[in-house]
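Read through the structure below, which is laid out as structure tokens, and then see the notes.
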Amino acid sequence: MPAPIAEATAETLPFWEAAARGELLYQRCRRCGKVQFYPRGHCAACAHRALDFEPSAGHGTIYSFTIVHRAPSAAFRDLVPYVIALVDMAEGFRLMVNLLGSDAVSGAAIGRPVRIVFAKRGEGQAVLPQAELVA
């Protein structure tokens, strides 16, 4: 059973298309300038509807993380143990990603730098942003 994946909507389509190209996009409000992630149809800070997608440089630091030892469903059973991390990106938004790599479980630490990479996941093999530790 493949892992579930979010479906693209009119609001999120630019994000998914960019991810397929290996590019991480976030949004910036034209009125107040706040950045946000995940894509929405309005600014989470001021509710303005004029938002622009901007490319991220793909660098951040681990804000928090957890190591999953017990799969939540059969779709994730072969992946345990794995790391889920909240990453503060350089542009000012926070992103939840899987931490990939053979050193992910042993090397995950708050404040540790990461870079965004992309991996095919789930049913239909959608391309998702993930992270790797930076040495």
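Residue numbering restarts at 1 in every chain; chains get A, B, ... in the order shown in the structure tokens, and ligands count up from 1 in that same order.
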
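Residues lying within 9 Å of Ala109 (chain A), counting only C-alpha atoms and ignoring same-chain neighbours fewer than 5 positions away, are A:Ile62, A:Tyr63, A:Ser64, A:Phe65.
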
Next, dump the selected residues to file, keeping only N, CA and C atoms, as an mmCIF file, in the first residue's frame.
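Listing of part_20.cif after writing:
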data_model
loop_
_atom_site.group_PDB
_atom_site.id
_atom_site.type_symbol
_atom_site.label_atom_id
_atom_site.label_comp_id
_atom_site.auth_asym_id
_atom_site.auth_seq_id
_atom_site.Cartn_x
_atom_site.Cartn_y
_atom_site.Cartn_z
ATOM 1 N N ILE A 62 17.157 22.798 11.485
ATOM 2 C CA ILE A 62 16.144 22.005 12.184
ATOM 3 C C ILE A 62 15.658 22.777 13.406
ATOM 4 N N TYR A 63 14.355 23.027 13.456
ATOM 5 C CA TYR A 63 13.715 23.666 14.596
ATOM 6 C C TYR A 63 13.346 22.613 15.646
ATOM 7 N N SER A 64 12.816 21.485 15.162
ATOM 8 C CA SER A 64 12.427 20.380 16.026
ATOM 9 C C SER A 64 12.362 19.125 15.172
ATOM 10 N N PHE A 65 12.368 17.972 15.816
ATOM 11 C CA PHE A 65 12.262 16.722 15.066
ATOM 12 C C PHE A 65 11.761 15.609 15.970
#

Distance table requested - region 72-97 of chain A against region 19-37 of chain A, cut-off 8 Å, only C-alpha atoms: one row per qualifying residue with the closest atom pair and its distance in Å to one decimal, ordered by chain and rising residue number, as a tab-separated table.
residue	atom	partner	partner_atom	distance
A:Glu91	CA	A:Val35	CA	7.7
A:Gly92	CA	A:Val35	CA	6.7
A:Phe93	CA	A:Gln36	CA	5.7
A:Arg94	CA	A:Phe37	CA	6.8
A:Leu95	CA	A:Phe37	CA	6.9

Next item on the list: Once DSSP has gone over the backbone, tell me which residues of region 4-123 of chain A are in strand (DSSP E or B), as a PyMOL selection string.
Entry: chain A and resi 25-29+35-36+51-55+59-68+82-89+94-100+113-121

Can you write out the residues you just picked, keeping N, CA and C atoms, as a short mmCIF file (atom, residue, chain, number, x, y, z; two decimals), in the first residue's frame?
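File written: out_21.cif
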data_model
loop_
_atom_site.label_atom_id
_atom_site.label_comp_id
_atom_site.auth_asym_id
_atom_site.auth_seq_id
_atom_site.Cartn_x
_atom_site.Cartn_y
_atom_site.Cartn_z
N LEU A 25 8.88 26.28 -3.70
CA LEU A 25 8.24 27.59 -3.71
C LEU A 25 7.52 27.86 -2.40
N TYR A 26 7.51 29.11 -2.00
CA TYR A 26 6.72 29.57 -0.86
C TYR A 26 5.97 30.81 -1.34
N GLN A 27 5.10 31.36 -0.49
CA GLN A 27 4.31 32.53 -0.89
C GLN A 27 4.73 33.76 -0.08
N ARG A 28 4.58 34.94 -0.73
CA ARG A 28 4.79 36.23 -0.07
C ARG A 28 3.57 37.10 -0.38
N CYS A 29 3.05 37.75 0.64
CA CYS A 29 1.90 38.62 0.50
C CYS A 29 2.32 39.96 -0.10
N VAL A 35 5.81 36.11 4.64
CA VAL A 35 5.98 34.88 3.87
C VAL A 35 5.19 33.77 4.56
N GLN A 36 4.80 32.78 3.76
CA GLN A 36 4.06 31.66 4.33
C GLN A 36 4.29 30.40 3.52
N LEU A 51 -1.08 37.10 -3.51
CA LEU A 51 0.12 36.40 -3.07
C LEU A 51 0.98 36.04 -4.27
N ASP A 52 2.27 36.13 -4.09
CA ASP A 52 3.21 35.71 -5.12
C ASP A 52 3.97 34.48 -4.66
N PHE A 53 4.23 33.57 -5.59
CA PHE A 53 5.11 32.45 -5.30
C PHE A 53 6.55 32.89 -5.55
N GLU A 54 7.44 32.52 -4.64
CA GLU A 54 8.85 32.84 -4.78
C GLU A 54 9.67 31.57 -4.56
N PRO A 55 10.82 31.47 -5.22
CA PRO A 55 11.66 30.28 -5.04
C PRO A 55 12.50 30.39 -3.77
N HIS A 59 17.77 26.18 1.87
CA HIS A 59 18.62 25.98 3.04
C HIS A 59 17.87 26.37 4.30
N GLY A 60 18.06 25.59 5.35
CA GLY A 60 17.41 25.89 6.61
C GLY A 60 18.08 25.18 7.77
N THR A 61 17.47 25.29 8.94
CA THR A 61 17.97 24.61 10.14
C THR A 61 16.82 23.88 10.81
N ILE A 62 17.16 22.80 11.48
CA ILE A 62 16.14 22.01 12.18
C ILE A 62 15.66 22.78 13.41
N TYR A 63 14.36 23.03 13.46
CA TYR A 63 13.72 23.67 14.60
C TYR A 63 13.35 22.61 15.65
N SER A 64 12.82 21.49 15.16
CA SER A 64 12.43 20.38 16.03
C SER A 64 12.36 19.13 15.17
N PHE A 65 12.37 17.97 15.82
CA PHE A 65 12.26 16.72 15.07
C PHE A 65 11.76 15.61 15.97
N THR A 66 11.31 14.55 15.33
CA THR A 66 10.95 13.33 16.04
C THR A 66 11.43 12.15 15.22
N ILE A 67 11.76 11.08 15.91
CA ILE A 67 12.15 9.84 15.24
C ILE A 67 10.99 8.87 15.38
N VAL A 68 10.46 8.44 14.27
CA VAL A 68 9.32 7.53 14.25
C VAL A 68 9.85 6.10 14.25
N TYR A 82 12.41 6.52 10.97
CA TYR A 82 12.63 7.67 10.10
C TYR A 82 12.43 8.95 10.90
N VAL A 83 12.96 10.04 10.37
CA VAL A 83 12.93 11.32 11.06
C VAL A 83 11.98 12.27 10.34
N ILE A 84 11.09 12.89 11.11
CA ILE A 84 10.26 13.98 10.62
C ILE A 84 10.78 15.24 11.30
N ALA A 85 11.08 16.26 10.50
CA ALA A 85 11.67 17.48 11.05
C ALA A 85 10.87 18.71 10.67
N LEU A 86 10.81 19.66 11.59
CA LEU A 86 10.34 21.01 11.29
C LEU A 86 11.58 21.82 11.00
N VAL A 87 11.62 22.43 9.82
CA VAL A 87 12.81 23.15 9.38
C VAL A 87 12.47 24.62 9.19
N ASP A 88 13.25 25.48 9.83
CA ASP A 88 13.13 26.92 9.62
C ASP A 88 13.98 27.28 8.40
N MET A 89 13.31 27.71 7.36
CA MET A 89 13.99 28.04 6.12
C MET A 89 14.57 29.45 6.18
N ARG A 94 8.47 28.03 7.92
CA ARG A 94 8.77 26.72 8.51
C ARG A 94 8.12 25.63 7.66
N LEU A 95 8.84 24.54 7.50
CA LEU A 95 8.42 23.45 6.62
C LEU A 95 8.59 22.13 7.36
N MET A 96 7.62 21.23 7.22
CA MET A 96 7.74 19.88 7.80
C MET A 96 8.16 18.93 6.69
N VAL A 97 9.25 18.20 6.93
CA VAL A 97 9.80 17.29 5.92
C VAL A 97 10.32 16.03 6.58
N ASN A 98 10.52 15.01 5.77
CA ASN A 98 11.27 13.84 6.21
C ASN A 98 12.74 14.17 6.06
N LEU A 99 13.54 13.72 7.00
CA LEU A 99 14.98 13.89 6.93
C LEU A 99 15.55 12.60 6.34
N LEU A 100 16.20 12.72 5.19
CA LEU A 100 16.70 11.56 4.47
C LEU A 100 18.19 11.36 4.72
N PRO A 113 22.06 22.38 10.33
CA PRO A 113 21.69 22.84 8.99
C PRO A 113 21.27 21.69 8.07
N VAL A 114 20.32 21.99 7.21
CA VAL A 114 19.84 21.03 6.21
C VAL A 114 19.69 21.72 4.88
N ARG A 115 19.59 20.92 3.84
CA ARG A 115 19.26 21.44 2.51
C ARG A 115 18.08 20.63 1.99
N ILE A 116 17.27 21.29 1.21
CA ILE A 116 16.09 20.64 0.64
C ILE A 116 16.48 19.83 -0.58
N VAL A 117 15.98 18.63 -0.64
CA VAL A 117 16.12 17.73 -1.79
C VAL A 117 14.71 17.27 -2.15
N PHE A 118 14.57 16.59 -3.24
CA PHE A 118 13.24 16.16 -3.67
C PHE A 118 13.24 14.66 -3.90
N ALA A 119 12.12 14.02 -3.54
CA ALA A 119 11.99 12.57 -3.69
C ALA A 119 10.58 12.24 -4.13
N LYS A 120 10.47 11.20 -4.93
CA LYS A 120 9.16 10.71 -5.34
C LYS A 120 8.58 9.89 -4.20
N ARG A 121 7.33 10.17 -3.88
CA ARG A 121 6.66 9.50 -2.77
C ARG A 121 5.21 9.22 -3.10
#

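Here the alpha helix (DSSP H) residues in chain A, by DSSP on the backbone, are Leu13, Pro14, Phe15, Trp16, Glu17, Ala18, Ala19, Ala20, Ala104, Val105, Ser106 and Gly107 of chain A.
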
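Comparing A:Gly107, A:Ala74, A:Leu79, A:Val134 by their smallest distance to Pro2 (chain A), the closest is A:Ala74 (using only C-alpha atoms).
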